[in-house]
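The next block is data_2.cif, given as mmCIF, C-alpha atoms.
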data_protein
loop_
_atom_site.label_atom_id
_atom_site.label_comp_id
_atom_site.auth_asym_id
_atom_site.auth_seq_id
_atom_site.Cartn_x
_atom_site.Cartn_y
_atom_site.Cartn_z
CA MET U 1 -1.97 12.78 1.76
CA SER U 2 -5.09 13.67 -0.17
CA LYS U 3 -5.04 13.54 -3.94
CA HIS U 4 -6.34 16.76 -5.49
CA SER U 5 -6.17 15.64 -9.08
CA LEU U 6 -5.91 12.31 -10.86
CA LYS U 7 -2.67 13.59 -12.33
CA ASP U 8 -1.08 14.08 -8.91
CA GLY U 9 1.87 11.79 -8.35
CA SER U 10 2.37 11.09 -12.05
CA GLY U 11 5.65 9.89 -13.44
CA TYR U 12 7.43 11.34 -16.44
CA LEU U 13 8.46 10.07 -19.86
CA ILE U 14 10.73 11.76 -22.36
CA ILE U 15 11.63 10.35 -25.76
CA ASP U 16 14.22 12.64 -27.29
CA HIS U 17 14.75 12.31 -31.03
CA SER U 18 16.07 15.83 -31.48
CA GLU U 19 19.28 14.38 -32.96
CA SER U 20 17.80 11.20 -34.38
CA PRO U 21 15.84 10.02 -37.43
CA GLY U 22 13.07 8.94 -35.04
CA ILE U 23 10.49 6.21 -35.48
CA ASP U 24 8.62 5.72 -38.73
CA PRO U 25 5.04 4.46 -38.14
CA SER U 26 5.54 1.74 -40.76
CA ASP U 27 8.35 0.22 -38.68
CA ILE U 28 6.15 -0.35 -35.63
CA PRO U 29 5.17 -3.98 -35.04
CA GLU U 30 1.42 -4.64 -35.19
CA LYS U 31 1.17 -5.57 -31.50
CA LEU U 32 2.83 -2.34 -30.37
CA ARG U 33 0.91 0.07 -32.61
CA SER U 34 -1.62 1.07 -29.98
CA THR U 35 0.96 1.78 -27.26
CA THR U 36 3.92 3.19 -29.17
CA ASN U 37 4.47 6.92 -29.18
CA ILE U 38 5.42 7.91 -32.68
CA VAL U 39 8.21 10.42 -32.20
CA GLY U 40 9.49 11.52 -35.57
CA PRO U 41 12.83 13.00 -36.60
CA ASN U 42 13.97 16.06 -34.64
CA GLN U 43 11.02 15.74 -32.25
CA VAL U 44 10.88 15.45 -28.48
CA PHE U 45 7.94 13.81 -26.72
CA GLU U 46 7.30 14.56 -23.05
CA ALA U 47 4.29 13.43 -21.05
CA ASP U 48 3.05 12.53 -17.60
CA VAL U 49 2.69 8.79 -17.11
CA GLN U 50 0.69 6.72 -14.70
CA PHE U 51 -0.08 3.05 -14.40
CA CYS U 52 -3.30 1.18 -14.89
CA ALA U 53 -4.59 0.50 -11.38
CA HIS U 54 -5.74 -2.95 -12.50
CA CYS U 55 -2.98 -4.46 -14.64
CA GLY U 56 -0.02 -2.18 -13.97
CA SER U 57 0.68 -1.32 -17.59
CA GLN U 58 1.70 2.18 -18.53
CA VAL U 59 -0.91 4.87 -19.18
CA ILE U 60 0.57 7.85 -20.98
CA LEU U 61 -1.44 10.98 -20.32
CA ASN U 62 -1.23 12.17 -23.89
CA PRO U 63 -2.60 15.72 -23.97
CA LYS U 64 -3.74 15.23 -27.59
CA ARG U 65 -6.03 12.32 -26.72
CA THR U 66 -9.64 12.98 -27.66
CA ARG U 67 -11.27 9.68 -26.61
CA PRO U 68 -12.39 9.42 -22.98
CA ARG U 69 -9.65 8.02 -20.76
CA GLY U 70 -10.26 4.85 -18.73
CA TYR U 71 -11.04 5.54 -15.07
CA CYS U 72 -12.01 3.34 -12.12
CA SER U 73 -14.15 5.14 -9.57
CA LYS U 74 -13.42 2.55 -6.87
CA CYS U 75 -9.66 2.98 -7.22
CA ASN U 76 -9.98 6.67 -8.11
CA HIS U 77 -7.23 6.04 -10.63
CA TYR U 78 -6.69 5.94 -14.37
CA ILE U 79 -6.87 2.55 -16.05
CA CYS U 80 -5.68 1.41 -19.47
CA ASP U 81 -7.76 0.72 -22.59
CA ASN U 82 -7.69 -3.06 -22.17
CA PRO U 83 -11.33 -4.26 -22.05
CA ILE U 84 -10.51 -6.66 -19.18
CA CYS U 85 -9.33 -3.76 -17.02
CA ASN U 86 -12.51 -1.85 -17.84
CA LYS U 87 -14.79 -4.76 -16.92
CA GLU U 88 -14.35 -4.94 -13.14
CA CYS U 89 -12.24 -3.50 -10.34
CA ALA U 90 -9.31 -5.82 -9.57
CA PRO U 91 -6.45 -3.64 -8.28
CA LEU U 92 -2.88 -4.78 -8.83
CA LYS U 93 -1.89 -3.47 -5.39
CA GLN U 94 -4.44 -5.83 -3.82
CA LEU U 95 -2.98 -8.74 -5.81
CA LEU U 96 0.57 -7.88 -4.72
CA ASP U 97 -0.51 -7.58 -1.08
CA LYS U 98 -2.23 -10.96 -1.33
CA ALA U 99 0.87 -12.50 -2.92
CA GLU U 100 3.13 -11.01 -0.23
CA ARG U 101 0.90 -12.31 2.58
CA SER U 102 0.79 -15.72 0.94
CA ILE U 103 4.59 -15.89 0.63
CA ILE U 104 5.06 -14.94 4.28
CA LYS U 105 2.45 -17.46 5.48
CA THR U 106 3.09 -20.42 3.18
CA GLY U 107 6.32 -19.75 1.31
CA ASN U 108 4.42 -19.92 -1.98
CA ILE U 109 2.31 -17.55 -4.02
CA ILE U 110 -1.30 -18.73 -3.69
CA LEU U 111 -3.76 -16.18 -5.01
CA THR U 112 -7.07 -18.01 -4.67
CA ASP U 113 -9.35 -16.98 -1.81
CA LYS U 114 -9.84 -20.58 -0.59
CA MET F 1 15.08 1.67 1.86
CA ALA F 2 18.07 1.79 -0.34
CA ARG F 3 18.18 2.73 -3.98
CA TRP F 4 20.29 0.77 -6.41
CA ALA F 5 21.54 1.43 -9.93
CA ALA F 6 21.62 -1.49 -12.35
CA ALA F 7 23.54 -0.42 -15.42
CA ILE F 8 24.72 -2.11 -18.58
CA PRO F 9 26.79 0.50 -20.39
CA SER F 10 26.71 -0.87 -23.93
CA TRP F 11 24.68 -3.72 -25.42
CA THR F 12 22.56 -4.61 -28.41
CA PRO F 13 19.08 -5.93 -27.59
CA VAL F 14 18.04 -9.10 -29.37
CA ALA F 15 14.36 -9.07 -30.33
CA VAL F 16 12.37 -12.07 -29.11
CA ALA F 17 8.71 -13.05 -29.08
CA ASP F 18 6.74 -13.58 -25.88
CA THR F 19 7.42 -16.86 -24.01
CA THR F 20 10.61 -17.44 -26.00
CA ASN F 21 14.07 -17.77 -24.53
CA MET F 22 15.89 -14.46 -24.39
CA THR F 23 19.42 -14.32 -25.75
CA ASP F 24 22.43 -13.86 -23.49
CA ASN F 25 23.60 -10.24 -23.50
CA GLY F 26 20.51 -9.27 -25.50
CA HIS F 27 18.38 -8.29 -22.49
CA GLN F 28 18.69 -6.73 -19.05
CA THR F 29 16.84 -8.39 -16.20
CA ILE F 30 16.53 -7.76 -12.48
CA GLN F 31 15.66 -10.72 -10.30
CA GLY F 32 14.63 -10.43 -6.65
CA GLY F 33 17.18 -11.59 -4.10
CA SER F 34 14.88 -13.83 -2.05
CA THR F 35 11.40 -15.32 -2.05
CA THR F 36 10.03 -12.40 -0.04
CA GLN F 37 12.01 -9.44 -1.35
CA ARG F 38 10.08 -6.59 -2.93
CA GLY F 39 11.60 -3.84 -5.04
CA GLU F 40 10.12 -0.86 -6.85
CA LEU F 41 11.37 0.71 -10.06
CA ARG F 42 12.20 4.39 -9.92
CA GLU F 43 13.78 5.21 -13.25
CA VAL F 44 14.74 3.66 -16.58
CA TYR F 45 17.18 5.41 -18.92
CA LEU F 46 18.12 4.27 -22.41
CA GLY F 47 20.73 6.12 -24.42
CA GLY F 48 21.13 5.19 -28.07
CA GLN F 49 24.66 4.42 -29.26
CA ALA F 50 23.96 3.00 -32.72
CA GLY F 51 25.90 4.27 -35.74
CA ALA F 52 22.95 4.06 -38.15
CA SER F 53 19.18 4.34 -37.93
CA SER F 54 17.89 1.59 -35.59
CA PRO F 55 14.21 1.65 -34.63
CA THR F 56 14.37 -0.26 -31.35
CA PHE F 57 11.15 -1.41 -29.74
CA MET F 58 12.15 -1.79 -26.12
CA VAL F 59 9.67 -3.06 -23.57
CA LEU F 60 9.96 -3.51 -19.85
CA GLY F 61 7.84 -6.19 -18.24
CA ARG F 62 7.59 -9.39 -16.26
CA ASN F 63 8.97 -12.80 -17.14
CA SER F 64 6.87 -15.95 -17.09
CA THR F 65 10.06 -18.02 -16.93
CA VAL F 66 12.80 -16.68 -14.71
CA GLY F 67 16.51 -17.11 -15.30
CA ALA F 68 18.63 -19.54 -13.28
CA THR F 69 22.39 -19.75 -12.72
CA LEU F 70 22.80 -16.06 -13.34
CA THR F 71 25.91 -14.15 -14.36
CA ALA F 72 25.60 -10.98 -12.33
CA ALA F 73 26.13 -7.60 -13.98
CA ARG F 74 26.70 -4.21 -12.34
CA LEU F 75 24.63 -3.31 -9.31
CA ALA F 76 25.61 -0.37 -7.14
CA ALA F 77 23.94 1.35 -4.21
CA LEU F 78 23.33 5.05 -4.85
CA ASP F 79 24.00 6.04 -1.26
CA PRO F 80 27.48 5.28 0.07
CA SER F 81 26.11 4.44 3.49
CA THR F 82 23.78 1.74 2.17
CA ALA F 83 24.10 -1.44 4.19
CA ALA F 84 24.88 -4.59 2.24
CA LEU F 85 21.84 -6.79 1.74
CA ALA F 86 21.94 -10.39 2.92
CA ALA F 87 20.26 -11.36 -0.34
CA PRO F 88 20.84 -8.65 -2.94
CA PRO F 89 18.78 -8.62 -6.13
CA THR F 90 20.64 -9.62 -9.29
CA ASN F 91 21.07 -7.51 -12.40
CA TYR F 92 21.92 -9.93 -15.21
CA ALA F 93 22.08 -10.37 -18.95
CA ALA F 94 23.38 -13.94 -19.14
CA SER F 95 22.20 -17.14 -17.49
CA THR F 96 22.07 -20.87 -17.99
CA THR F 97 18.27 -21.05 -17.91
CA LYS F 98 17.09 -18.16 -20.07
CA PRO F 99 14.27 -15.89 -18.98
CA GLN F 100 11.11 -15.59 -21.11
CA ARG F 101 8.88 -12.54 -21.40
CA SER F 102 5.35 -13.11 -20.17
CA SER F 103 2.64 -12.93 -22.84
CA THR F 104 0.26 -11.24 -20.39
CA LEU F 105 2.50 -9.20 -18.07
CA GLY F 106 5.47 -8.75 -20.36
CA MET F 107 4.83 -5.19 -21.45
CA LEU F 108 4.44 -2.80 -18.55
CA LEU F 109 6.42 -0.05 -20.27
CA ASN F 110 6.83 0.59 -23.98
CA LEU F 111 10.09 2.48 -24.40
CA SER F 112 10.39 2.42 -28.18
CA PHE F 113 12.93 4.78 -29.71
CA ASN F 114 15.55 5.08 -32.39
CA ALA F 115 18.92 4.02 -30.99
CA PHE F 116 20.68 6.24 -33.52
CA GLY F 117 20.88 9.39 -31.41
CA GLY F 118 17.67 8.79 -29.45
CA VAL F 119 17.28 8.97 -25.70
CA VAL F 120 14.45 7.64 -23.50
CA ARG F 121 14.04 8.44 -19.85
CA TRP F 122 11.12 7.21 -17.77
CA VAL F 123 10.73 8.30 -14.16
CA ASN F 124 8.17 6.67 -11.94
CA GLY F 125 5.71 8.84 -10.06
CA PRO F 126 5.76 8.82 -6.26
CA ASP F 127 2.30 7.28 -6.12
CA GLU F 128 2.87 4.66 -8.79
CA ILE F 129 4.19 1.15 -8.33
CA VAL F 130 6.13 -1.03 -10.73
CA SER F 131 7.58 -3.69 -8.53
CA TYR F 132 8.97 -7.17 -8.38
CA LEU F 133 8.10 -9.55 -5.59
CA GLY F 134 10.12 -12.61 -4.69
CA ASN F 135 12.33 -14.31 -7.24
CA THR F 136 9.99 -16.67 -9.03
CA ALA F 137 7.67 -16.35 -12.03
CA SER F 138 5.86 -14.21 -12.88
CA LEU F 139 6.33 -11.45 -10.30
CA GLY F 140 9.96 -12.01 -9.35
CA GLU F 141 11.68 -10.51 -12.39
CA LEU F 142 11.52 -7.33 -14.42
CA SER F 143 13.25 -7.38 -17.77
CA LEU F 144 14.18 -4.83 -20.38
CA ASN F 145 14.25 -6.36 -23.84
CA ALA F 146 13.36 -5.79 -27.48
CA PHE F 147 10.01 -6.70 -28.96
CA THR F 148 10.01 -8.49 -32.30
CA GLY F 149 10.37 -5.99 -35.16
CA GLY F 150 12.55 -3.06 -36.05
CA THR F 151 16.33 -3.18 -36.06
CA PRO F 152 17.53 -3.10 -32.45
CA GLY F 153 20.64 -0.99 -32.13
CA LEU F 154 23.48 -0.53 -29.67
CA LEU F 155 22.41 1.28 -26.48
CA GLY F 156 23.31 1.85 -22.86
CA SER F 157 20.76 1.28 -20.12
CA ASN F 158 20.40 2.16 -16.48
CA ILE F 159 17.61 1.05 -14.15
CA ILE F 160 17.23 2.65 -10.73
CA PHE F 161 15.14 0.74 -8.23
CA GLU F 162 14.53 0.59 -4.52
CA THR F 163 14.46 -2.53 -2.40
CA LEU F 164 11.78 -2.47 0.27
#
Since I need it in another form, could you write the structure as C-alpha coordinates?
Amino acid sequence: MSKHSLKDGSGYLIIDHSESPGIDPSDIPEKLRSTTNIVGPNQVFEADVQFCAHCGSQVILNPKRTRPRGYCSKCNHYICDNPICNKECAPLKQLLDKAERSIIKTGNIILTDK
Amino acid sequence: MARWAAAIPSWTPVAVADTTNMTDNGHQTIQGGSTTQRGELREVYLGGQAGASSPTFMVLGRNSTVGATLTAARLAALDPSTAALAAPPTNYAASTTKPQRSSTLGMLLNLSFNAFGGVVRWVNGPDEIVSYLGNTASLGELSLNAFTGGTPGLLGSNIIFETL
(Lines of atoms letter the chains of each structure in order from A and count residues from 1; the text may use other names and numbers.)
(Lines give C-alpha, C1' and ligand atoms only; values in the text may rest on other atoms or scores of the structure.)
Protein backbone atom coordinates (compact mmCIF):
# COMPACT_ATOMS: atom_id res chain seq x y z
CA MET A 1 0.00 0.00 0.00
CA SER A 2 1.37 3.41 -0.87
CA LYS A 3 2.18 5.84 1.90
CA HIS A 4 0.58 9.24 1.32
CA SER A 5 2.09 10.97 4.30
CA LEU A 6 5.00 10.30 6.63
CA LYS A 7 2.46 10.23 9.43
CA ASP A 8 0.52 7.35 7.87
CA GLY A 9 0.65 4.22 9.99
CA SER A 10 1.66 6.07 13.14
CA GLY A 11 1.11 4.63 16.57
CA TYR A 12 -0.47 6.46 19.49
CA LEU A 13 0.66 7.54 22.93
CA ILE A 14 -1.47 8.89 25.74
CA ILE A 15 -0.16 9.96 29.14
CA ASP A 16 -3.15 10.80 31.30
CA HIS A 17 -2.45 12.84 34.41
CA SER A 18 -5.95 14.27 34.64
CA GLU A 19 -6.25 12.82 38.16
CA SER A 20 -2.57 12.90 39.07
CA PRO A 21 0.06 15.36 40.30
CA GLY A 22 1.99 14.67 37.10
CA ILE A 23 5.71 14.92 36.47
CA ASP A 24 7.77 17.83 37.72
CA PRO A 25 10.65 18.69 35.32
CA SER A 26 13.09 18.76 38.24
CA ASP A 27 12.38 15.09 38.96
CA ILE A 28 13.46 13.91 35.52
CA PRO A 29 16.83 12.15 35.43
CA GLU A 30 19.46 13.90 33.29
CA LYS A 31 19.64 11.07 30.73
CA LEU A 32 15.88 11.12 30.14
CA ARG A 33 15.41 14.90 29.86
CA SER A 34 15.48 14.98 26.08
CA THR A 35 12.96 12.17 25.61
CA THR A 36 10.55 12.61 28.51
CA ASN A 37 7.22 14.26 27.88
CA ILE A 38 6.58 16.61 30.74
CA VAL A 39 2.91 16.12 31.53
CA GLY A 40 1.96 18.27 34.48
CA PRO A 41 -0.87 17.95 36.98
CA ASN A 42 -4.37 17.63 35.49
CA GLN A 43 -2.95 17.42 31.96
CA VAL A 44 -3.37 14.82 29.25
CA PHE A 45 -0.76 14.35 26.53
CA GLU A 46 -1.73 12.62 23.29
CA ALA A 47 0.46 12.29 20.21
CA ASP A 48 1.20 10.17 17.18
CA VAL A 49 4.34 8.09 17.59
CA GLN A 50 6.66 6.47 15.11
CA PHE A 51 10.01 4.77 15.38
CA CYS A 52 13.38 5.83 14.16
CA ALA A 53 13.97 3.81 10.99
CA HIS A 54 17.62 3.38 11.96
CA CYS A 55 17.75 2.56 15.68
CA GLY A 56 14.13 1.73 16.50
CA SER A 57 13.75 4.22 19.32
CA GLN A 58 10.53 6.14 19.72
CA VAL A 59 9.91 9.35 17.79
CA ILE A 60 7.02 11.33 19.24
CA LEU A 61 5.46 13.57 16.64
CA ASN A 62 5.07 16.47 19.02
CA PRO A 63 2.95 19.09 17.25
CA LYS A 64 4.68 21.86 19.24
CA ARG A 65 8.13 20.99 17.91
CA THR A 66 9.77 23.88 16.08
CA ARG A 67 13.14 22.33 15.15
CA PRO A 68 13.26 20.35 11.90
CA ARG A 69 12.47 16.68 12.44
CA GLY A 70 14.98 14.00 11.44
CA TYR A 71 14.14 12.32 8.14
CA CYS A 72 15.88 9.71 5.98
CA SER A 73 15.11 10.08 2.29
CA LYS A 74 16.28 6.53 1.52
CA CYS A 75 13.94 5.00 4.08
CA ASN A 76 11.28 7.68 3.53
CA HIS A 77 10.77 7.59 7.28
CA TYR A 78 11.28 9.75 10.33
CA ILE A 79 14.47 9.21 12.31
CA CYS A 80 15.40 10.28 15.84
CA ASP A 81 17.71 13.12 16.91
CA ASN A 82 20.65 10.83 17.66
CA PRO A 83 23.61 12.06 15.55
CA ILE A 84 24.55 8.46 14.66
CA CYS A 85 21.13 7.89 13.10
CA ASN A 86 21.49 11.12 11.13
CA LYS A 87 24.92 10.20 9.77
CA GLU A 88 24.10 7.34 7.40
CA CYS A 89 21.23 5.09 6.36
CA ALA A 90 21.34 1.82 8.32
CA PRO A 91 17.75 0.57 8.66
CA LEU A 92 16.83 -1.55 11.66
CA LYS A 93 14.54 -3.70 9.49
CA GLN A 94 17.56 -4.63 7.35
CA LEU A 95 19.51 -5.57 10.49
CA LEU A 96 16.64 -7.74 11.76
CA ASP A 97 16.29 -9.45 8.38
CA LYS A 98 20.03 -10.13 8.35
CA ALA A 99 19.88 -11.51 11.90
CA GLU A 100 16.91 -13.73 11.03
CA ARG A 101 18.65 -15.11 7.92
CA SER A 102 21.79 -15.72 9.93
CA ILE A 103 19.90 -17.62 12.65
CA ILE A 104 18.16 -19.81 10.09
CA LYS A 105 21.41 -20.55 8.21
CA THR A 106 23.91 -20.88 11.06
CA GLY A 107 21.94 -21.00 14.31
CA ASN A 108 23.77 -17.87 15.48
CA ILE A 109 23.40 -14.15 14.95
CA ILE A 110 26.29 -13.08 12.71
CA LEU A 111 25.82 -9.57 11.38
CA THR A 112 29.06 -8.98 9.49
CA ASP A 113 28.93 -9.16 5.70
CA LYS A 114 31.88 -11.58 5.46
CA MET B 1 -0.37 -14.89 13.87
CA ALA B 2 -1.69 -14.94 17.34
CA ARG B 3 -1.80 -12.07 19.77
CA TRP B 4 -0.91 -12.57 23.40
CA ALA B 5 -1.44 -10.54 26.55
CA ALA B 6 1.35 -10.48 29.11
CA ALA B 7 0.02 -8.88 32.27
CA ILE B 8 1.36 -8.27 35.74
CA PRO B 9 -1.55 -6.80 37.68
CA SER B 10 0.30 -5.10 40.53
CA TRP B 11 4.01 -4.50 41.05
CA THR B 12 6.49 -1.84 42.05
CA PRO B 13 9.31 -1.23 39.58
CA VAL B 14 12.81 -1.13 41.03
CA ALA B 15 15.00 1.48 39.33
CA VAL B 16 18.29 0.16 37.96
CA ALA B 17 21.09 1.57 35.85
CA ASP B 18 21.99 0.20 32.42
CA THR B 19 23.91 -3.11 32.39
CA THR B 20 23.02 -3.78 36.03
CA ASN B 21 21.09 -6.77 37.29
CA MET B 22 17.38 -6.11 37.49
CA THR B 23 15.58 -7.00 40.70
CA ASP B 24 13.12 -9.87 40.90
CA ASN B 25 9.53 -8.61 40.70
CA GLY B 26 10.83 -5.12 39.89
CA HIS B 27 10.63 -5.50 36.09
CA GLN B 28 8.53 -7.16 33.42
CA THR B 29 10.34 -8.95 30.62
CA ILE B 30 9.28 -10.95 27.59
CA GLN B 31 11.73 -13.48 26.24
CA GLY B 32 11.35 -15.24 22.89
CA GLY B 33 10.40 -18.90 23.02
CA SER B 34 13.09 -20.21 20.66
CA THR B 35 16.21 -19.14 18.81
CA THR B 36 14.20 -18.25 15.71
CA GLN B 37 10.96 -16.88 17.14
CA ARG B 38 10.02 -13.32 16.27
CA GLY B 39 7.36 -11.28 18.03
CA GLU B 40 6.10 -7.74 17.59
CA LEU B 41 4.76 -5.44 20.28
CA ARG B 42 1.29 -4.05 19.73
CA GLU B 43 0.40 -2.23 22.92
CA VAL B 44 1.77 -1.32 26.34
CA TYR B 45 -0.53 -0.14 29.12
CA LEU B 46 0.56 1.11 32.54
CA GLY B 47 -2.00 2.03 35.16
CA GLY B 48 -0.75 3.78 38.29
CA GLN B 49 -1.84 2.31 41.62
CA ALA B 50 0.37 4.26 44.03
CA GLY B 51 -1.13 5.91 47.10
CA ALA B 52 1.13 8.98 46.99
CA SER B 53 2.93 10.98 44.32
CA SER B 54 5.42 8.67 42.54
CA PRO B 55 7.21 10.01 39.47
CA THR B 56 8.03 6.73 37.73
CA PHE B 57 10.43 6.77 34.80
CA MET B 58 9.48 3.61 32.95
CA VAL B 59 11.38 2.56 29.87
CA LEU B 60 10.87 -0.32 27.50
CA GLY B 61 13.89 -1.66 25.70
CA ARG B 62 16.25 -4.52 24.97
CA ASN B 63 18.42 -6.43 27.39
CA SER B 64 22.13 -6.99 26.84
CA THR B 65 22.03 -9.87 29.33
CA VAL B 66 19.00 -12.11 29.14
CA GLY B 67 17.43 -13.90 32.08
CA ALA B 68 17.83 -17.65 32.64
CA THR B 69 15.84 -20.12 34.72
CA LEU B 70 12.73 -18.01 34.46
CA THR B 71 9.66 -17.98 36.68
CA ALA B 72 6.87 -17.53 34.18
CA ALA B 73 4.15 -14.95 34.82
CA ARG B 74 0.77 -14.59 33.11
CA LEU B 75 0.58 -15.06 29.36
CA ALA B 76 -2.77 -15.50 27.66
CA ALA B 77 -3.81 -15.69 24.02
CA LEU B 78 -6.35 -13.01 23.11
CA ASP B 79 -8.23 -15.26 20.71
CA PRO B 80 -9.78 -18.39 22.20
CA SER B 81 -9.01 -20.39 19.08
CA THR B 82 -5.28 -19.68 19.25
CA ALA B 83 -3.26 -22.85 18.85
CA ALA B 84 -0.75 -23.59 21.58
CA LEU B 85 2.80 -22.79 20.57
CA ALA B 86 5.44 -25.50 20.73
CA ALA B 87 7.78 -22.93 22.25
CA PRO B 88 5.77 -20.09 23.76
CA PRO B 89 7.50 -16.84 24.72
CA THR B 90 7.90 -16.23 28.44
CA ASN B 91 6.56 -13.28 30.39
CA TYR B 92 8.60 -13.11 33.60
CA ALA B 93 9.60 -10.91 36.49
CA ALA B 94 11.82 -13.33 38.42
CA SER B 95 14.74 -15.47 37.32
CA THR B 96 17.94 -17.00 38.59
CA THR B 97 20.17 -15.14 36.13
CA LYS B 98 18.88 -11.56 36.15
CA PRO B 99 18.38 -9.62 32.95
CA GLN B 100 20.28 -6.36 32.35
CA ARG B 101 19.09 -3.40 30.32
CA SER B 102 21.26 -2.64 27.31
CA SER B 103 23.13 0.67 27.42
CA THR B 104 22.58 1.18 23.69
CA LEU B 105 19.24 -0.51 22.93
CA GLY B 106 17.69 -0.31 26.37
CA MET B 107 15.36 2.60 25.79
CA LEU B 108 13.07 2.11 22.82
CA LEU B 109 10.09 3.64 24.60
CA ASN B 110 10.06 6.24 27.35
CA LEU B 111 6.81 5.77 29.26
CA SER B 112 7.43 8.11 32.18
CA PHE B 113 4.41 9.02 34.28
CA ASN B 114 3.25 9.58 37.82
CA ALA B 115 1.99 6.30 39.27
CA PHE B 116 -0.29 8.22 41.63
CA GLY B 117 -3.38 8.33 39.41
CA GLY B 118 -1.50 8.41 36.10
CA VAL B 119 -2.16 6.20 33.10
CA VAL B 120 0.05 5.54 30.06
CA ARG B 121 -1.09 3.73 26.96
CA TRP B 122 1.12 3.24 23.92
CA VAL B 123 -0.25 1.60 20.79
CA ASN B 124 2.05 0.62 17.98
CA GLY B 125 1.27 1.80 14.47
CA PRO B 126 0.52 -0.79 11.79
CA ASP B 127 3.66 0.16 9.86
CA GLU B 128 5.98 0.28 12.84
CA ILE B 129 8.02 -2.55 14.29
CA VAL B 130 9.19 -3.11 17.84
CA SER B 131 10.12 -6.73 17.91
CA TYR B 132 12.15 -9.37 19.62
CA LEU B 133 14.02 -12.02 17.69
CA GLY B 134 15.23 -15.29 19.16
CA ASN B 135 15.88 -15.63 22.87
CA THR B 136 19.44 -14.42 23.27
CA ALA B 137 21.04 -11.02 23.83
CA SER B 138 20.46 -8.37 22.70
CA LEU B 139 17.45 -8.91 20.43
CA GLY B 140 15.73 -11.77 22.24
CA GLU B 141 14.15 -9.87 25.12
CA LEU B 142 12.05 -6.76 25.63
CA SER B 143 11.79 -5.47 29.16
CA LEU B 144 9.71 -2.89 30.96
CA ASN B 145 11.60 -1.40 33.88
CA ALA B 146 12.33 1.81 35.77
CA PHE B 147 15.20 4.10 34.91
CA THR B 148 17.30 5.41 37.78
CA GLY B 149 15.63 8.43 39.40
CA GLY B 150 12.22 9.40 40.67
CA THR B 151 10.24 7.33 43.14
CA PRO B 152 8.81 4.31 41.31
CA GLY B 153 5.32 3.55 42.53
CA LEU B 154 2.92 0.63 42.46
CA LEU B 155 1.42 0.00 39.02
CA GLY B 156 -0.25 -2.60 36.85
CA SER B 157 1.09 -3.38 33.39
CA ASN B 158 -0.14 -5.16 30.31
CA ILE B 159 1.84 -5.83 27.15
CA ILE B 160 0.09 -7.09 24.03
CA PHE B 161 2.31 -8.65 21.39
CA GLU B 162 2.04 -10.88 18.38
CA THR B 163 4.20 -13.89 17.64
CA LEU B 164 5.11 -14.23 13.98
- In Å, with one decimal, what is the gap from atom CA of F:Gly149 to atom CA of U:Thr35?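 Straight-line distance from atom CA of F:Gly149 to atom CA of U:Thr35 works out to 14.5 Å.
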- Message: Taking all atoms listed in the file into account, name the residue in F:Thr71, F:Thr97, F:Asn63, F:Thr36 that is nearest to chain U.
- Response: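 Ranked by minimum distance to chain U, first place goes to F:Thr36.
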- Message: Set the distance at 12 Å and use all atoms listed in the file: which residues neighbour F:Phe161 once local chain neighbours fewer than 3 positions away are removed? I'd like the list as an MDAnalysis selection string.
- Response: chainID F and resid 1:7 30:32 38:45 75:78 89:91 123:124 129:132 142 158 164
- Care to translate the PyMOL selection byres ((chain F) within 6 of (chain U)) into actual residues of this file, as an NGL selection string? :F and (55 or 108-109 or 114 or 116-127 or 149-150)
Using all atoms of stretch 24-43 of chain U that appear in the file, construct an axis-aligned enclosing box with 6 Å of padding on every side and provide its centre coordinates and edge lengths in Å, rounded to one decimal, as lines of an AutoDock Vina configuration file.
center_x = 6.2
center_y = 5.2
center_z = -34.0
size_x = 27.6
size_y = 33.6
size_z = 25.5
- Message: At a cut-off of 8 Å, using all atoms listed in the file, what residues contact stretch 18-21 of chain F? Leave out same-chain residues fewer than 4 positions from it and give the result as a list in words.
- Response: Ser64, Thr65, Lys98, Pro99, Gln100, Arg101, Ser102, Ser103 and Gly106 of chain F
- Counting only C-alpha atoms, the residue of U:Tyr78, U:Gln43, U:Ser34, U:Glu88 that sits nearest U:Leu61: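 Using only C-alpha atoms, the shortest distance to U:Leu61 belongs to U:Tyr78.
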- Can you tell me, as a ChimeraX atom specification, what residues are no more than 7 Å from F:Ala115 when counting only C-alpha atoms, ignoring any on the same chain fewer than 4 positions away? /F:48-50,53-56,153-155
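The closest residue to U:Pro25, picked from F:Arg62, F:Pro88, F:Leu105, F:Phe57 and counting all atoms listed in the file, is F:Phe57.
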- Run the PyMOL selection byres ((chain F and resi 25) around 7) against the file shown and list the residues it catches, as a list in words. Trp11, Thr23, Asp24, Gly26, His27, Ala93 and Ala94 of chain F
Serialized selection, C-alpha atoms, as an mmCIF file, in the coordinates of the input:
data_model
loop_
_atom_site.group_PDB
_atom_site.id
_atom_site.type_symbol
_atom_site.label_atom_id
_atom_site.label_comp_id
_atom_site.auth_asym_id
_atom_site.auth_seq_id
_atom_site.Cartn_x
_atom_site.Cartn_y
_atom_site.Cartn_z
ATOM 1 C CA TRP F 11 24.680 -3.720 -25.420
ATOM 2 C CA THR F 23 19.420 -14.320 -25.750
ATOM 3 C CA ASP F 24 22.430 -13.860 -23.490
ATOM 4 C CA GLY F 26 20.510 -9.270 -25.500
ATOM 5 C CA HIS F 27 18.380 -8.290 -22.490
ATOM 6 C CA ALA F 93 22.080 -10.370 -18.950
ATOM 7 C CA ALA F 94 23.380 -13.940 -19.140
#
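The space between atom CA of F:Asn145 and atom CA of F:Val14 spans 7.2 Å.
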- Query: Of the candidates F:Leu111, F:Leu70, F:Gly140, F:Gln37, which one gets nearest to F:Ser157 if we count only C-alpha atoms?
  - Reply: F:Leu111
- Item | Who sits within 7 Å of F:Val16, all atoms listed in the file, same chain under 6 positions skipped, as a ChimeraX atom specification | /F:22,146-148
- Message: Using Å and a single decimal, report how far atom CA of U:Cys89 sits from atom CA of U:Ser73.
- Response: 8.9 Å
- Item | From U:Ile110, U:Pro91, U:Lys105, U:Arg65, residue lying nearest U:His77 [all atoms listed in the file] |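 So, comparing all the options, the nearest one is U:Pro91.
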